[in-house]
Structure formats: C-alpha cells, structure tokens
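Visitor: Hey, dropping structure_5.cif in here, mmCIF, C-alpha atoms:
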```
data_entry
loop_
_atom_site.label_atom_id
_atom_site.label_comp_id
_atom_site.auth_asym_id
_atom_site.auth_seq_id
_atom_site.Cartn_x
_atom_site.Cartn_y
_atom_site.Cartn_z
CA MET I 1 0.00 0.00 0.00
CA ASP I 2 2.86 2.33 0.77
CA LEU I 3 4.04 2.40 -2.85
CA ILE I 4 0.53 2.74 -4.21
CA ASP I 5 -0.23 5.61 -1.83
CA ARG I 6 2.97 7.40 -2.77
CA TYR I 7 2.18 6.91 -6.46
CA LEU I 8 -1.38 8.19 -6.10
CA ALA I 9 -0.21 11.19 -4.06
CA ALA I 10 2.28 12.04 -6.82
CA ILE I 11 -0.53 11.96 -9.38
CA ALA I 12 -2.93 13.95 -7.16
CA ARG I 13 -0.36 16.75 -6.74
CA ARG I 14 -0.50 17.31 -10.52
CA LEU I 15 -4.25 17.25 -10.92
CA PRO I 16 -6.77 20.08 -10.62
CA ALA I 17 -7.89 20.16 -6.97
CA GLU I 18 -11.60 19.99 -7.78
CA ASN I 19 -11.49 16.48 -9.25
CA ALA I 20 -8.19 15.08 -7.98
CA GLY I 21 -9.90 12.97 -5.31
CA ASP I 22 -12.31 11.41 -7.76
CA ILE I 23 -9.63 10.58 -10.32
CA VAL I 24 -7.23 9.17 -7.76
CA ALA I 25 -9.96 7.01 -6.18
CA GLU I 26 -10.62 5.42 -9.55
CA ILE I 27 -6.93 4.73 -10.23
CA ARG I 28 -6.58 3.32 -6.70
CA ASP I 29 -9.46 0.91 -7.27
CA ASP I 30 -7.98 -0.19 -10.57
CA LEU I 31 -4.54 -0.81 -9.05
CA LEU I 32 -5.97 -2.71 -6.08
CA THR I 33 -8.20 -4.82 -8.33
CA ARG I 34 -5.25 -5.73 -10.50
CA GLN I 35 -3.18 -6.49 -7.44
CA GLU I 36 -5.90 -8.82 -6.13
CA VAL I 37 -6.30 -10.58 -9.48
CA ARG I 38 -2.57 -11.13 -9.66
CA GLU I 39 -2.37 -12.38 -6.06
CA ASP I 40 -5.26 -14.79 -6.70
CA ALA I 41 -3.41 -16.15 -9.73
CA LEU I 42 -0.15 -16.59 -7.78
CA GLY I 43 -1.82 -17.77 -4.57
CA ARG I 44 0.30 -15.39 -2.46
CA PRO I 45 0.64 -11.67 -1.70
CA LEU I 46 2.69 -9.60 -4.15
CA ASN I 47 6.09 -8.50 -2.97
CA ARG I 48 7.27 -4.88 -3.16
CA LYS I 49 9.04 -5.39 -6.47
CA GLU I 50 5.94 -6.88 -8.08
CA VAL I 51 3.75 -4.02 -6.80
CA ALA I 52 6.27 -1.56 -8.24
CA ALA I 53 6.04 -3.33 -11.62
CA LEU I 54 2.26 -3.12 -11.47
CA ILE I 55 2.43 0.62 -10.79
CA LYS I 56 5.00 1.17 -13.51
CA ASP I 57 2.62 -0.35 -16.05
CA VAL I 58 0.17 2.51 -15.42
CA GLY I 59 2.81 5.12 -16.23
CA HIS I 60 4.81 8.02 -14.81
CA PRO I 61 2.68 10.21 -12.49
CA LEU I 62 3.36 13.27 -14.65
CA ILE I 63 2.15 11.49 -17.80
CA VAL I 64 -0.88 9.98 -16.11
CA ALA I 65 -1.92 13.32 -14.61
CA SER I 66 -1.35 15.16 -17.90
CA ARG I 67 -3.82 12.85 -19.65
CA TYR I 68 -6.61 14.30 -17.55
CA ARG I 69 -5.91 17.80 -18.73
CA PRO I 70 -7.85 19.09 -21.74
CA GLN I 71 -4.78 20.42 -23.57
CA GLN I 72 -1.48 18.59 -23.37
CA TYR I 73 0.59 20.72 -25.68
CA LEU I 74 1.96 24.24 -25.73
CA ILE I 75 1.52 24.82 -29.45
CA GLY I 76 -0.69 22.41 -31.37
CA PRO I 77 -0.15 20.89 -34.81
CA ASP I 78 -2.31 23.52 -36.56
CA ALA I 79 -0.39 26.47 -35.13
CA PHE I 80 3.04 24.82 -35.23
CA PRO I 81 3.88 25.62 -38.90
CA PHE I 82 2.96 29.28 -38.26
CA PHE I 83 5.06 29.21 -35.10
CA VAL I 84 8.11 27.86 -36.94
CA ALA I 85 7.67 30.35 -39.80
CA THR I 86 7.37 33.26 -37.36
CA LEU I 87 10.33 32.03 -35.35
CA ARG I 88 12.45 31.82 -38.50
CA ILE I 89 11.57 35.41 -39.42
CA VAL I 90 12.24 36.71 -35.90
CA ALA I 91 15.52 34.76 -35.69
CA MET I 92 16.70 36.23 -38.99
CA VAL I 93 15.79 39.77 -37.96
CA VAL I 94 17.48 39.38 -34.56
CA ALA I 95 20.62 37.85 -36.11
CA LEU I 96 20.88 40.53 -38.79
CA ALA I 97 20.19 43.33 -36.30
CA PHE I 98 23.20 42.07 -34.35
CA VAL I 99 25.32 41.85 -37.48
CA VAL I 100 24.39 45.46 -38.32
CA THR I 101 25.12 46.58 -34.75
CA ALA I 102 28.47 44.80 -34.63
CA ALA I 103 29.42 46.00 -38.12
CA SER I 104 28.49 49.59 -37.34
CA SER I 105 30.54 49.66 -34.16
CA VAL I 106 33.54 48.31 -36.11
CA VAL I 107 33.06 50.54 -39.18
CA PHE I 108 32.44 53.69 -37.18
CA GLY I 109 35.40 53.07 -34.94
CA HIS I 110 33.79 52.07 -31.65
CA ALA I 111 35.50 48.73 -31.30
CA ASP I 112 37.82 46.24 -32.90
CA ILE I 113 36.35 43.20 -34.68
CA ALA I 114 37.03 40.70 -31.87
CA HIS I 115 35.54 42.99 -29.23
CA ALA I 116 32.49 43.80 -31.34
CA LEU I 117 31.92 40.13 -32.19
CA GLY I 118 32.29 39.05 -28.57
CA ARG I 119 29.83 41.64 -27.36
CA ALA I 120 27.38 40.84 -30.16
CA MET I 121 27.54 37.09 -29.46
CA SER I 122 26.90 37.50 -25.74
CA ASN I 123 23.94 39.80 -26.39
CA LEU I 124 22.72 37.64 -29.28
CA PHE I 125 22.15 34.60 -27.08
CA SER I 126 20.01 36.42 -24.51
CA SER I 127 18.13 38.31 -27.22
CA ALA I 128 17.48 35.10 -29.18
CA MET I 129 16.17 33.40 -26.02
CA LEU I 130 13.96 36.41 -25.26
CA ALA I 131 12.65 36.44 -28.85
CA PHE I 132 11.98 32.68 -28.74
CA GLY I 133 10.17 33.00 -25.41
CA THR I 134 8.10 35.94 -26.63
CA VAL I 135 7.06 34.18 -29.85
CA ALA I 136 6.23 31.00 -27.91
CA ALA I 137 4.17 32.99 -25.38
CA VAL I 138 2.27 34.77 -28.16
CA PHE I 139 1.50 31.46 -29.90
CA TYR I 140 0.53 29.86 -26.60
CA ALA I 141 -2.05 32.63 -26.18
CA LEU I 142 -3.17 32.41 -29.83
CA GLU I 143 -3.55 28.65 -29.56
CA ARG I 144 -6.02 29.13 -26.73
CA THR I 145 -8.04 31.80 -28.51
CA GLY I 146 -8.74 29.67 -31.58
CA PHE I 147 -6.30 31.45 -33.89
CA PRO I 148 -5.12 28.51 -36.03
CA ALA I 149 -8.61 27.22 -36.82
CA GLU I 150 -9.84 30.76 -37.52
CA HIS I 151 -6.85 31.62 -39.69
CA LEU I 152 -7.00 28.35 -41.61
CA ALA I 153 -10.70 28.89 -42.28
CA LYS I 154 -10.16 32.46 -43.50
CA TRP I 155 -7.21 32.10 -45.85
CA ARG I 156 -7.94 32.63 -49.53
CA PRO I 157 -6.13 31.00 -52.44
CA GLN I 158 -6.63 34.32 -54.27
CA ASP I 159 -4.17 35.97 -51.86
CA LEU I 160 -1.30 33.67 -52.84
CA PRO I 161 1.46 35.31 -54.93
CA GLU I 162 1.19 34.85 -58.66
CA VAL I 163 3.61 32.39 -60.21
CA LYS I 164 5.20 35.15 -62.29
CA ASP I 165 5.54 37.44 -59.25
CA LYS I 166 9.09 38.11 -58.25
CA GLN I 167 9.55 36.21 -55.00
CA PRO I 168 11.16 38.33 -52.33
CA ASN I 169 14.70 37.46 -51.38
CA VAL I 170 14.34 36.22 -47.80
CA TRP I 171 17.74 37.31 -46.55
CA GLY I 172 17.57 40.58 -48.43
CA SER I 173 14.17 41.37 -46.94
CA ALA I 174 15.30 40.33 -43.47
CA PHE I 175 18.36 42.57 -43.86
CA GLU I 176 16.20 45.56 -44.84
CA VAL I 177 13.89 44.94 -41.88
CA ALA I 178 16.85 44.56 -39.52
CA VAL I 179 18.42 47.80 -40.79
CA GLY I 180 15.05 49.53 -40.46
CA VAL I 181 14.65 48.34 -36.87
CA TYR I 182 18.21 49.36 -36.06
CA PHE I 183 17.74 52.83 -37.58
CA ILE I 184 14.53 53.42 -35.62
CA LEU I 185 16.20 52.28 -32.40
CA TRP I 186 19.15 54.56 -33.12
CA TRP I 187 16.89 57.49 -34.01
CA CYS I 188 15.04 56.99 -30.70
CA GLY I 189 18.34 56.93 -28.83
CA LEU I 190 18.03 53.29 -27.80
CA VAL I 191 21.27 52.20 -29.49
CA PRO I 192 24.49 54.27 -29.60
CA PHE I 193 25.11 56.86 -32.29
CA PRO I 194 27.64 55.44 -34.78
CA THR I 195 30.22 58.24 -34.83
CA TYR I 196 33.03 58.04 -37.33
CA TYR I 197 34.73 61.01 -35.67
CA GLY I 198 34.58 59.42 -32.20
CA ASN I 199 38.34 58.96 -32.15
CA VAL I 200 39.16 62.53 -33.15
CA LYS I 201 40.17 64.28 -29.96
CA GLY I 202 38.86 67.77 -29.42
CA LEU I 203 36.11 67.54 -32.03
CA ILE I 204 32.39 67.73 -31.31
CA LEU I 205 29.85 67.52 -34.09
CA ALA I 206 26.49 68.75 -32.85
CA PRO I 207 23.27 68.36 -34.85
CA ASP I 208 21.60 71.62 -35.86
CA PRO I 209 18.04 72.47 -34.71
CA ILE I 210 16.62 71.25 -38.04
CA TRP I 211 17.04 67.64 -36.86
CA ALA I 212 14.94 68.26 -33.73
CA ALA I 213 12.29 69.91 -35.91
CA VAL I 214 12.02 66.89 -38.22
CA TRP I 215 12.39 64.21 -35.52
CA TRP I 216 8.78 63.00 -35.62
CA PRO I 217 8.40 63.12 -39.43
CA VAL I 218 11.63 61.13 -39.85
CA LEU I 219 10.45 58.56 -37.30
CA ALA I 220 7.07 58.27 -39.05
CA LEU I 221 8.81 57.84 -42.40
CA MET I 222 11.12 55.13 -41.08
CA VAL I 223 8.23 53.25 -39.46
CA ALA I 224 6.27 53.43 -42.74
CA ARG I 225 9.33 52.18 -44.62
CA LEU I 226 9.74 49.34 -42.11
CA ILE I 227 6.10 48.36 -42.62
CA TYR I 228 6.69 48.46 -46.39
CA ASN I 229 9.69 46.12 -46.07
CA ILE I 230 7.80 43.72 -43.80
CA VAL I 231 4.81 43.62 -46.16
CA GLN I 232 7.07 43.13 -49.17
CA TRP I 233 8.76 40.24 -47.40
CA LEU I 234 5.76 38.50 -45.89
CA ARG I 235 2.81 39.57 -48.04
CA PRO I 236 4.17 40.29 -51.53
CA ARG I 237 0.66 39.79 -52.92
CA TRP I 238 -0.59 42.97 -51.21
CA LYS I 239 0.40 45.05 -54.20
CA MET I 240 -1.91 47.96 -53.54
CA VAL I 241 -0.64 48.29 -49.98
CA LEU I 242 2.93 48.10 -51.24
CA ALA I 243 2.29 50.65 -54.00
CA VAL I 244 0.65 53.11 -51.59
CA LEU I 245 3.44 52.68 -49.04
CA SER I 246 6.12 52.97 -51.70
CA VAL I 247 4.69 56.12 -53.29
CA GLY I 248 3.79 57.53 -49.87
CA THR I 249 7.24 57.00 -48.39
CA ALA I 250 8.91 58.29 -51.56
CA ALA I 251 6.76 61.45 -51.52
CA GLY I 252 7.18 61.87 -47.76
CA GLY I 253 10.90 61.30 -48.04
CA LEU I 254 11.18 63.81 -50.86
CA GLY I 255 9.27 66.42 -48.85
CA LEU I 256 11.44 65.79 -45.83
CA ALA I 257 14.61 65.92 -47.90
CA TYR I 258 13.47 69.29 -49.26
CA VAL I 259 12.75 70.66 -45.76
CA ILE I 260 16.09 69.40 -44.47
CA TYR I 261 17.88 70.70 -47.56
CA GLN I 262 16.38 74.15 -47.03
CA ALA I 263 18.13 74.39 -43.65
CA GLY I 264 21.44 74.76 -45.51
CA HIS I 265 23.50 73.71 -42.49
CA TRP I 266 23.04 70.44 -40.61
CA LEU I 267 25.96 69.80 -38.27
CA THR I 268 28.13 72.24 -36.37
CA ALA I 269 31.73 71.42 -35.61
CA SER I 270 33.14 72.70 -32.34
CA GLY I 271 35.77 71.72 -29.78
CA THR I 272 39.34 72.41 -28.87
CA LEU I 273 40.83 72.02 -32.36
CA PRO I 274 42.24 75.13 -34.05
CA ALA I 275 39.48 77.38 -35.43
CA ASP I 276 40.53 77.05 -39.08
CA GLN I 277 40.59 73.26 -38.80
CA LEU I 278 37.13 73.31 -37.20
CA ALA I 279 35.85 75.54 -40.01
CA ASP I 280 37.25 73.13 -42.62
CA ILE I 281 35.63 70.16 -40.94
CA ASP I 282 32.33 72.05 -40.59
CA HIS I 283 32.41 72.98 -44.28
CA GLY I 284 33.41 69.47 -45.43
CA VAL I 285 30.81 67.67 -43.34
CA ASN I 286 27.98 69.96 -44.43
CA LEU I 287 29.05 69.76 -48.05
CA GLY I 288 28.88 65.97 -47.78
CA ILE I 289 25.41 66.17 -46.26
CA HIS I 290 24.37 68.62 -48.98
CA TRP I 291 25.23 66.12 -51.72
CA ALA I 292 23.83 63.19 -49.76
CA ILE I 293 20.45 64.95 -49.57
CA VAL I 294 20.58 65.69 -53.31
CA VAL I 295 21.35 62.04 -54.11
CA VAL I 296 18.66 60.74 -51.73
CA GLY I 297 16.16 63.16 -53.28
CA ALA I 298 17.00 61.94 -56.77
CA ILE I 299 16.65 58.30 -55.72
CA LEU I 300 13.27 59.05 -54.12
CA VAL I 301 12.03 60.81 -57.27
CA LEU I 302 13.06 57.80 -59.39
CA GLN I 303 11.51 55.37 -56.94
CA GLY I 304 8.22 57.29 -56.87
CA LEU I 305 8.10 57.58 -60.67
CA GLN I 306 8.84 53.88 -61.05
CA GLU I 307 5.99 52.98 -58.67
CA VAL I 308 3.55 55.36 -60.36
CA TRP I 309 4.53 53.87 -63.73
CA ARG I 310 4.00 50.34 -62.40
CA LEU I 311 0.59 51.33 -61.03
CA ALA I 312 -0.44 52.98 -64.29
CA THR I 313 0.63 50.06 -66.48
CA SER I 314 -0.49 47.13 -64.31
CA ARG I 315 -3.48 45.09 -65.48
CA PRO I 316 -6.75 45.74 -63.67
CA GLY I 317 -7.40 43.09 -61.06
CA VAL I 318 -3.74 42.39 -60.42
CA VAL I 319 -2.99 45.39 -58.26
CA GLY I 320 -5.68 45.10 -55.61
CA VAL I 321 -5.19 43.09 -52.50
CA LYS I 322 -8.56 41.47 -52.98
CA ALA I 323 -8.22 40.93 -56.70
CA ILE I 324 -8.50 37.41 -58.01
CA MET M 1 7.27 -6.54 -44.41
CA PRO M 2 7.87 -3.55 -46.73
CA VAL M 3 8.74 -1.09 -43.92
CA ASP M 4 10.71 -1.39 -40.70
CA ASP M 5 9.04 -2.56 -37.50
CA ASP M 6 9.07 0.89 -35.92
CA THR M 7 7.23 2.49 -38.82
CA PHE M 8 4.70 -0.34 -38.90
CA GLU M 9 4.14 -0.05 -35.15
CA LYS M 10 3.47 3.70 -35.45
CA LEU M 11 0.97 3.11 -38.26
CA ARG M 12 -0.69 0.30 -36.33
CA VAL M 13 -1.06 2.45 -33.19
CA GLU M 14 -2.47 5.29 -35.30
CA LEU M 15 -4.97 2.95 -36.93
CA ARG M 16 -6.08 1.47 -33.63
CA ARG M 17 -6.33 4.78 -31.82
CA GLY M 18 -9.22 5.88 -33.97
CA SER M 19 -11.12 2.66 -33.45
CA LEU M 20 -10.62 2.57 -29.68
CA VAL M 21 -13.43 5.03 -28.94
CA LEU M 22 -15.77 2.88 -30.99
CA ALA M 23 -14.67 -0.22 -29.11
CA VAL M 24 -15.13 1.44 -25.70
CA LEU M 25 -18.57 2.76 -26.60
CA GLY M 26 -19.52 -0.66 -27.97
CA ALA M 27 -18.33 -2.45 -24.84
CA LEU M 28 -20.22 -0.05 -22.58
CA ARG M 29 -23.61 -0.95 -23.97
CA GLU M 30 -23.29 -3.19 -20.92
CA GLU M 31 -22.39 -1.51 -17.62
CA ARG M 32 -18.78 -2.05 -16.57
CA TYR M 33 -16.10 -0.52 -14.37
CA GLY M 34 -12.59 0.25 -15.58
CA TYR M 35 -10.94 -3.08 -14.87
CA THR M 36 -13.71 -5.22 -16.39
CA LEU M 37 -13.92 -2.89 -19.37
CA ARG M 38 -10.23 -3.33 -20.08
CA GLN M 39 -10.59 -7.07 -19.69
CA SER M 40 -13.42 -7.18 -22.20
CA LEU M 41 -11.37 -5.11 -24.65
CA GLU M 42 -8.36 -7.38 -24.19
CA ASP M 43 -10.51 -10.48 -24.61
CA ALA M 44 -11.70 -9.00 -27.90
CA GLY M 45 -8.07 -8.50 -28.95
CA LEU M 46 -7.86 -4.74 -28.29
CA LEU M 47 -5.04 -3.79 -25.93
CA ILE M 48 -5.24 -0.35 -24.40
CA ASP M 49 -2.46 1.62 -22.74
CA GLU M 50 -2.87 1.27 -18.97
CA GLY M 51 -2.90 4.99 -18.30
CA ALA M 52 -5.06 5.94 -21.26
CA LEU M 53 -8.36 4.22 -20.47
CA TYR M 54 -9.60 6.31 -17.55
CA PRO M 55 -8.86 9.71 -19.15
CA LEU M 56 -10.69 8.46 -22.25
CA LEU M 57 -13.69 7.45 -20.13
CA ARG M 58 -13.71 10.90 -18.50
CA ARG M 59 -13.56 12.60 -21.85
CA LEU M 60 -16.43 10.53 -23.23
CA GLU M 61 -18.42 11.28 -20.10
CA SER M 62 -17.75 15.02 -20.43
CA GLN M 63 -19.02 14.69 -24.02
CA ARG M 64 -22.22 13.19 -22.53
CA LEU M 65 -21.71 9.90 -24.35
CA LEU M 66 -21.30 7.99 -21.09
CA ILE M 67 -22.83 8.17 -17.62
CA SER M 68 -21.13 6.92 -14.50
CA GLU M 69 -21.85 6.24 -10.86
CA TRP M 70 -19.85 5.16 -7.84
CA ARG M 71 -21.19 1.92 -6.36
CA GLU M 72 -19.91 -0.65 -3.92
CA GLU M 73 -18.94 -4.05 -5.25
CA ALA M 74 -16.70 -6.73 -3.76
CA LYS M 75 -16.18 -4.61 -0.63
CA ARG M 76 -14.85 -1.66 -2.62
CA THR M 77 -16.40 1.39 -4.19
CA LYS M 78 -16.07 1.33 -7.96
CA ARG M 79 -17.04 3.69 -10.70
CA PHE M 80 -19.39 2.04 -13.17
CA TYR M 81 -19.81 3.36 -16.69
CA ARG M 82 -22.53 2.79 -19.27
CA LEU M 83 -23.64 4.30 -22.53
CA SER M 84 -25.97 7.32 -22.30
CA VAL M 85 -28.86 7.91 -24.69
CA ASP M 86 -26.68 10.30 -26.68
CA GLY M 87 -23.91 7.72 -26.57
CA THR M 88 -26.22 5.05 -28.01
CA ASP M 89 -27.15 7.30 -30.93
CA THR M 90 -23.54 8.31 -31.49
CA LEU M 91 -22.40 4.68 -31.39
CA ALA M 92 -24.98 3.76 -34.05
CA ALA M 93 -23.82 6.64 -36.27
CA LEU M 94 -20.16 5.77 -35.74
CA LEU M 95 -20.77 2.11 -36.50
CA HIS M 96 -22.47 3.11 -39.72
CA GLU M 97 -19.43 5.22 -40.58
CA TRP M 98 -17.09 2.41 -39.60
CA ASN M 99 -18.89 -0.09 -41.82
CA ALA M 100 -18.84 2.34 -44.74
CA ILE M 101 -15.09 2.88 -44.32
CA SER M 102 -14.51 -0.84 -43.98
CA GLU M 103 -16.47 -1.57 -47.16
CA SER M 104 -14.57 1.15 -49.02
CA ILE M 105 -11.23 -0.24 -47.91
CA LEU M 106 -12.30 -3.72 -48.90
CA ARG M 107 -13.38 -2.52 -52.33
CA LEU M 108 -10.10 -0.65 -52.80
CA THR M 109 -7.97 -3.60 -51.72
CA GLU M 110 -10.04 -6.38 -53.26
CA LYS M 111 -7.37 -7.24 -55.78
CA ASP M 112 -4.87 -7.77 -52.92
CA LYS M 113 -6.97 -10.55 -51.40
#
```
If you took the structure in this file and wrote it as structure tokens, what would it be?

Guide:
Amino acid sequence: MDLIDRYLAAIARRLPAENAGDIVAEIRDDLLTRQEVREDALGRPLNRKEVAALIKDVGHPLIVASRYRPQQYLIGPDAFPFFVATLRIVAMVVALAFVVTAASSVVFGHADIAHALGRAMSNLFSSAMLAFGTVAAVFYALERTGFPAEHLAKWRPQDLPEVKDKQPNVWGSAFEVAVGVYFILWWCGLVPFPTYYGNVKGLILAPDPIWAAVWWPVLALMVARLIYNIVQWLRPRWKMVLAVLSVGTAAGGLGLAYVIYQAGHWLTASGTLPADQLADIDHGVNLGIHWAIVVVGAILVLQGLQEVWRLATSRPGVVGVKAI
Amino acid sequence: MPVDDDTFEKLRVELRRGSLVLAVLGALREERYGYTLRQSLEDAGLLIDEGALYPLLRRLESQRLLISEWREEAKRTKRFYRLSVDGTDTLAALLHEWNAISESILRLTEKDK
C-alpha cells in the first residue's frame, strides 16, 4: 500500500484540486483490483518489487496526470507551422540586427572586430532566447483563442502570390527589416550613435536644430518604410498596400529631404581644435550632407516615378489586395 | 514486411487509436467498471495503454456519451460506466461510418486478397 499511496499522491499533486480525489480514487481501485487478481493467480501476496512493476505499467505520475488535462501541448499541430515560420523570421531579424550593430561599431570606430563580435555574441544569445520566449508565449495565447482554426478557415487561395511574381529574397528582406529596426532604435536613442569622428580628440559635431524639428516626421517615415519592407517580405501579394506605401514613403521622403535641404547647415563642428581646422571640418561635413540629400532626393524621385509607372501600367485586377 | 518494425508499429497504433473510442462505446452498452472494461477489450483482442483508459472514459463522459456512478462491489467502491442515450445514438452513427469505411477499404484492396 505504501508504494501505491505514494504513487497516487504524486498523481494527485499534478491534478486540478476539484477532481483530484475522484480521479485518484478510480486509479486506486484499478490498481488494487489488478493487485488482487494477480495475487489470486499466484496464490500469495505480491512483494514490493511486483507491486512496483504493477504501478509502472500505469505510467509516470506526470504522464498519467497530464492525460486528464484538456490540452497537453503548448503549441498544437495547426499552429506549429505558423510558429516555426514566425520564429524563422524573428531569428533572422534578430541575427541581422546584431550583425548590423556589430558591423556599425567596427566601421564607425567604436570597437575592434574581436571585441564587437564578442559583445554581439553574448547579447545575441540572450536576445534570441527572449525572442523565442516571446514568440512561444504569443502562440501559446493564440492557440487558446482559436487562432489557427480561424486563420485556416479564412485564408484565400486568391491571396497567394502569382507564379510570375518576383519572389522576395528572404535574406535581403530580413536585412532591410533589420536595418530599419536598427535605424529606428538609433533614431530613438536606444542604441548608440555610430560616430566616425569618435576617435578625433577635441572635435564635437552637434546636430543643428533642423534635426529636432524633423524628428517626428523622420520617425514616421522610417516606421512606414519598415512596414513596407515587412509587407514586401511576408505579403508580396498585397500590391496595392505596397504601392501606396512605396509612393507615400517616396513622396514623404522627398518632402522631408526638401525641408532638411532648405536648412542649408546640418551639423556644427566645435571643440578644442584650431578654429581654421574646425571651419574646414564644418564645411566638409555639411558639403557631404548637402550632396547626400541631393542624391537621396534623386533616388526618391526615381523610386516614386517607377511605382507610379508600375501602377499605371499594371493590369486591372492584379494590383488590388482582394483581386483574383 | 515492406517497412521497418518501428514504422509499422506507429501506423498500427495510429490505426487502432481511432477505433478505440468505438470499441469502448460498444463495450459499454453493458455496464462495466474500468478493470472489467479493459478485460473485455483485451478479450476481444484490443489492448489499451494502462494509463489511457480512464482519461478516455472521463472525456467521453464530459461529451455526454457515457454516464457513470460510484457503487460498492466486492467490498470496494467502484465507478461504473454505461452508454448514455446520446452515446447510443452516437455509437450507431459511428458504427455506420465504420462499416462504410470498412467496405470502401475492402473494395479498394479487393485485388490484394
């Protein structure tokens, strides 16, 4: 009885309190009945080893108790493919975000390669674990709110990409998303500013007030661009959404470039360097920014024109998200 | 055998799992408690995992296919199960389905006989 009681107590501890007594009573009766049948057959009481074998046949307490629970899995077979696909995307974005971070700290002179790699690897592990846990928790919640069945019932073959559609390059898309995330984090001050001049003693390059004035518009533009990249990667069939986002971000970017360009001066060099050297640096840096804005503006004009052309020449019914 | 034993065993378990509910419902047209139910299944050639029978009975009861009551027998209180009215209807429908599947399989595999 001692072994049977210990076994039943181990099961009871893992059962919901409201019906643990009932379940355990039934298992107890079954075990005792089987013990009696076996003893009758042998014509003697079972020894401890034989009782243990009898108990073992029923199964590990954890397994037995789990069978009385309505759901025995974290993420079910319907949601699992979505879970794996999401995890793959998140893993790629996390990995590339770390590559970008490590590369930027090397390129912009923050650290040597070994130091940057070491720091990235140590952060990568904890971030990957956090990302995995977050995705698992989200899917655990979705699983219990009927997401897979709902999603599987709602999907439409018409939303699948056309055979002739250019399939997005997975790594390229993940890279763009990772860069977008990194830029937004940097813009919000959550990751360090990559400063090329960080090693130049006595030089401070301070942003001009124009950057504070356009902070929100730039953030909005980067978020819109990030959404565009995510949609292009994961939902290439949503052509109307992509076209609107592409034209919208190109037009917004062009407007912003014009506003920023109008400022005429974007960074101010100061510090303990000789005044003529500071003036040269100030002039050189702002000249570089001047041409960078011109180039970005030209690219945005081309991008917008290309998208408008694509919209104008696309067949009716192919552009819309809901088109068949 | 065309496949290895492990693969065959998995397929066999999968095949039997679906028919187990039918067997349990069929056996409980007559009132039984857990031990005698398992015995009747084993006598009919259907082995059931020791720890799987009682959770299955609970599930079928929560689906209102079975009814149960605790009663004393042989100096011990036992939980007796039998088919409910809903269970009887469901069993008839499932048996119809089972026979249809069986006939289909037979038709499809007739040439292998």

Visitor: Just checking: using only C-alpha atoms, which residue out of I:Leu245, I:Asp78, I:Val301, I:Thr145 ends up closest to Val231 (chain I)?

Guide: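 Smallest separation from Val231 (chain I) among the options: I:Leu245.
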
Visitor: Considering all atoms listed in the file, state which residue in the set M:Arg58, M:Arg32, M:Arg107, M:Arg71 is at the smallest distance from chain I.

Guide: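 Ranked by minimum distance to chain I, first place goes to M:Arg58.
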
Visitor: Do me a favour and pick out the residues of chain M within 10 Å of chain I, using all atoms listed in the file, as number ranges by chain.

Guide: M: 33-36, 49-56, 58-59, 70, 74, 76-79

Visitor: For the residues in the current selection, export C-alpha atoms as a compact mmCIF listing (two decimals), keeping the file's coordinate frame.

Guide:
```
# COMPACT_ATOMS: atom_id res chain seq x y z
CA TYR M 33 -16.10 -0.52 -14.37
CA GLY M 34 -12.59 0.25 -15.58
CA TYR M 35 -10.94 -3.08 -14.87
CA THR M 36 -13.71 -5.22 -16.39
CA ASP M 49 -2.46 1.62 -22.74
CA GLU M 50 -2.87 1.27 -18.97
CA GLY M 51 -2.90 4.99 -18.30
CA ALA M 52 -5.06 5.94 -21.26
CA LEU M 53 -8.36 4.22 -20.47
CA TYR M 54 -9.60 6.31 -17.55
CA PRO M 55 -8.86 9.71 -19.15
CA LEU M 56 -10.69 8.46 -22.25
CA ARG M 58 -13.71 10.90 -18.50
CA ARG M 59 -13.56 12.60 -21.85
CA TRP M 70 -19.85 5.16 -7.84
CA ALA M 74 -16.70 -6.73 -3.76
CA ARG M 76 -14.85 -1.66 -2.62
CA THR M 77 -16.40 1.39 -4.19
CA LYS M 78 -16.07 1.33 -7.96
CA ARG M 79 -17.04 3.69 -10.70
```

Visitor: Which residues match the PyMOL selection byres ((chain I and resi 256-262) around 12) in the file above, as a PyMOL selection string?

Guide: chain I and resi 208-222+248-255+263-267+286-301

Visitor: To one decimal in Å, tell me the separation between CA of Val85 (chain M) and CA of Arg38 (chain M).

Guide: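 That distance, rounded to one decimal, is 22.2 Å.
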
Visitor: Record the distance separating CA of Ile105 (chain M) and CA of Lys10 (chain M), expressed in Å with one decimal.

Guide: 19.7 Å

Visitor: CA of Ala102 (chain I) and CA of Leu117 (chain I) are how many Å apart?

Guide: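 Between these atoms lies a distance of 6.3 Å.
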